[in-house]
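Some notes on the structure that comes next.
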Amino acid sequence: MKPLFMLVSTLVISPLLSPAYADSARFQQDALPAKINLPNVSPSNSDLANRGAYIARTADCMACHREDYSGGVAIETPIGNIYSTNITPSKTYGIGNYTEADLKKALHKGRAPGHQIYPAMPYPSYHGMTDDDISALFAYFQTVPVVDKPPEKTTHLPFPLNIRSLMLAWNVINVPSTENRTDLTPVQQRGEYLVNNLEHCGTCHTPRNLTQGLDKDRYLSGAPLGKWFAPNITLDNDTGIGRWSEIDIVTYLRTGKLDKRAYAGGPMAEAVGHSTRYLTDEDLSAMANYLKVVPAIKTDDYLIPVNIARLPNPVSASITYNLLEQKDYLAKAKANTSHFSSNTNDSTINNSHSPKSLYLANCASCHGVDGYAQPDARYASIVGLSSIRRVKPDALIGVIAFGAKGAFNTAPKMPGFEKDLSAAQIASITNYVRVKFGGLATSEVTAADVKRVIKEKN
């Protein structure tokens with residue numbers, strides 16, 4: 001479940017889907033998909049429970065409830081944090097007393113025994129889950145190790161937002177969040193089910209209407225998400241993913257990155273790390289096939305086309321994997337920049353304010369002098385990334401200010417520099433990165449732009 005909360009107030013194509021998918025009404029799986037390696041599948045469990053383990057992955061339950069389902073993860077909201085609950089089979093603190101009907105009601109209507117669930121849990125999307133998938137999920141949750149304690153933190157909202165019954169009126173307007181199309185191929189229908197319901201992509205990538213439900217007229221066209229912005233993933237060539245092939249989409253969902261184009265961070269990194277990287281090739285292909293028929297929507301945050309001729313080349317063929325070479329090269333680059341700074345009369349270029357010096361001091365040890373980093377060590381190459389080339393620099397400013405988490409637990413977490421660098425210094429790094437590694441001709445981000453983004457996201 002991806003982080004989201006909205007109240008009343010306020011992404012090598014493998015073979016296509018098997019005939020077993022095409023022969024079922026909503027492509028309900030009869031067994032655990034082949035060629036899948038899930039850490040939560042056990043040979044001691046039934047086929048039904050193991051299929052439920054795959055459903056849990058496709059529904060991205062771990063992103064909010066943790067890998068052990070113990071809960072307590074903070075979901076940022078405009079009015080405070082909503083904390084996820086324990087969904088292990090603990091009879092005292094979890095869902096051990098749930099019947100299958102209870103689970104279905106929670107997933108379809110946001111109704112737990114005794115109270116209404118806040119839509120931080122994306123039941124408006126889960127509303128479309130099939131009964132067979134819910135049965136498998138229920139069987140799986142019976143096999144999850146019990147965590148017999150409450151989450152470390154629980155939700156406490158001020159009056160009147162603590163009146164959960166208000167969600168009943170919200171549900172009438174906003175559930176379900178999407179409607180099924182009738183003009184899709186069987187593969188695209190499977191993709192629609194995955195994108196709209198299980199993976200609930202629209203929860204993050206769709207703007208909100210006045211009641212804070214999904215704005216269906218701007219479906220998947222991008223939306224703010226806490227300190228992040230979930231980009232436009234419709235087919236528009238300039239502002240969305242219209243230039244991505246189906247192979248590109250599958251690669252991104254499997255690995256969290258596309259060379260010189262995209263790198264998953266924040267909530268999308270969580271979605272890849274907990275969910276999409278585990279999906280079968282058939283399911284990822286179905287998602288890509290469906291996304292290629294989602295209507296294009298043009299927004300004002302367009303991508304400046306990448307100018308390959310302006311992008312830097314690696315300083316050597318080995319520097320992206322040779323740590324000692326990169327360390328020595330960085331030391332020399334810092335020394336050369338410092339020497340230049342101390343011998344110039346230009347007061348705007350000095351060791352603390354020169355854009356290059358700021359980048360070398362704060363960013364190059366991870367992202368590399370040339371921007372290509374060390375992918376083998378899971379340091380992200382930033383050359384050509386779409387987040388650098390957007391006409392609005394807000395996403396890049398946000399990453400520099402607040403940091404970013406990679407798609408896998410082994411990926412280093414990028415620190416935020418909001419408290420260590422001034423707004424002017426962050427603006428300077430932003431401009432340097434956009435021109436040097438984004439290939440832009442110019443960039444004119446100001447300290448005022450940085451202050452605005454930080455104010456809006458805090």
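Chain labels A, B, ... are given in the sequence in which chains occur in the structure tokens; within each chain residues are numbered consecutively from 1, and ligands are likewise numbered from 1 in the order shown.
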Per residue of region 310-399 of chain A within 7 Å of region 239-263 of chain A, note the shortest atom pair and the distance in Å to one decimal, counting only C-alpha atoms, and order the rows by chain and increasing residue number, as JSON lines.
```
{"residue": "A:Val383", "atom": "CA", "partner": "A:Lys260", "partner_atom": "CA", "distance": 5.4}
{"residue": "A:Gly384", "atom": "CA", "partner": "A:Lys260", "partner_atom": "CA", "distance": 4.3}
{"residue": "A:Leu385", "atom": "CA", "partner": "A:Arg261", "partner_atom": "CA", "distance": 4.2}
{"residue": "A:Ser386", "atom": "CA", "partner": "A:Arg261", "partner_atom": "CA", "distance": 5.2}
```
Contact table region 302-328 of chain A vs region 422-435 of chain A, cut-off 12 Å, shortest pair per residue, only C-alpha atoms, as a Markdown table:
```
| residue | atom | partner | partner_atom | distance |
| --- | --- | --- | --- | --- |
| A:Ile304 | CA | A:Arg434 | CA | 10.5 |
| A:Val306 | CA | A:Arg434 | CA | 10.8 |
| A:Asn307 | CA | A:Val435 | CA | 10.6 |
| A:Arg310 | CA | A:Val435 | CA | 8.5 |
| A:Leu311 | CA | A:Val435 | CA | 8.7 |
| A:Pro312 | CA | A:Val435 | CA | 10.2 |
```
Straight-line distance linking CA of Tyr193 (chain A) with CA of Leu103 (chain A), stated in Å to one decimal: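 Rounded to one decimal, the two atoms are 19.1 Å apart.
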Strand (DSSP E or B) residues, from DSSP on the backbone, in region 155-291 of chain A, as a VMD selection string: chain A and resid 208 214 223 to 225 228 to 230 257 to 258 262 to 263
Selection above as a file: C-alpha atoms, as a PDB file, in the first residue's frame:
```
ATOM      1  CA  ARG A 208      -7.549  14.875  -6.241  1.00  0.00           C
ATOM      2  CA  LEU A 214      -9.349  10.669  -7.350  1.00  0.00           C
ATOM      3  CA  ALA A 223       0.016  14.533  -8.269  1.00  0.00           C
ATOM      4  CA  PRO A 224       1.844  15.886  -5.190  1.00  0.00           C
ATOM      5  CA  LEU A 225       2.619  13.270  -2.570  1.00  0.00           C
ATOM      6  CA  TRP A 228       7.370  14.028  -3.417  1.00  0.00           C
ATOM      7  CA  PHE A 229       5.591  14.459  -6.709  1.00  0.00           C
ATOM      8  CA  ALA A 230       4.258  11.367  -8.464  1.00  0.00           C
ATOM      9  CA  LYS A 257      15.690   2.613 -13.083  1.00  0.00           C
ATOM     10  CA  LEU A 258      16.128   3.446 -16.759  1.00  0.00           C
ATOM     11  CA  ALA A 262      14.533   7.584 -14.605  1.00  0.00           C
ATOM     12  CA  TYR A 263      15.439   6.397 -11.122  1.00  0.00           C
TER      13      TYR A 263
END
```
Top pick for closest residue to Ala331 (chain A), considering A:Cys363, A:Ala264, A:Ala309, A:Val369 and counting only C-alpha atoms: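 The answer is A:Val369, which sits nearest to Ala331 (chain A).
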Per-residue DSSP, region 242-419 of chain A, filtered to helix (DSSP H, G or I), as a PyMOL selection string: chain A and resi 246-255+266-274+276-278+281-291+308-310+323-342+355-362+364-367+375-377+386-389+394-402
Spatial neighbours of Tyr321 (chain A), max dist 12 Å, only C-alpha atoms, sep filter under 4 positions, as a list in words: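 After dropping sequence-adjacent residues, the list is Pro314, Ser316, Ala317, Glu325, Gln326, Lys327, Cys366, His367, Gly368, Tyr372, Ala373, Gln374, Pro375, Asp376, Ala377, Arg378, Tyr379 and Ser381 of chain A.
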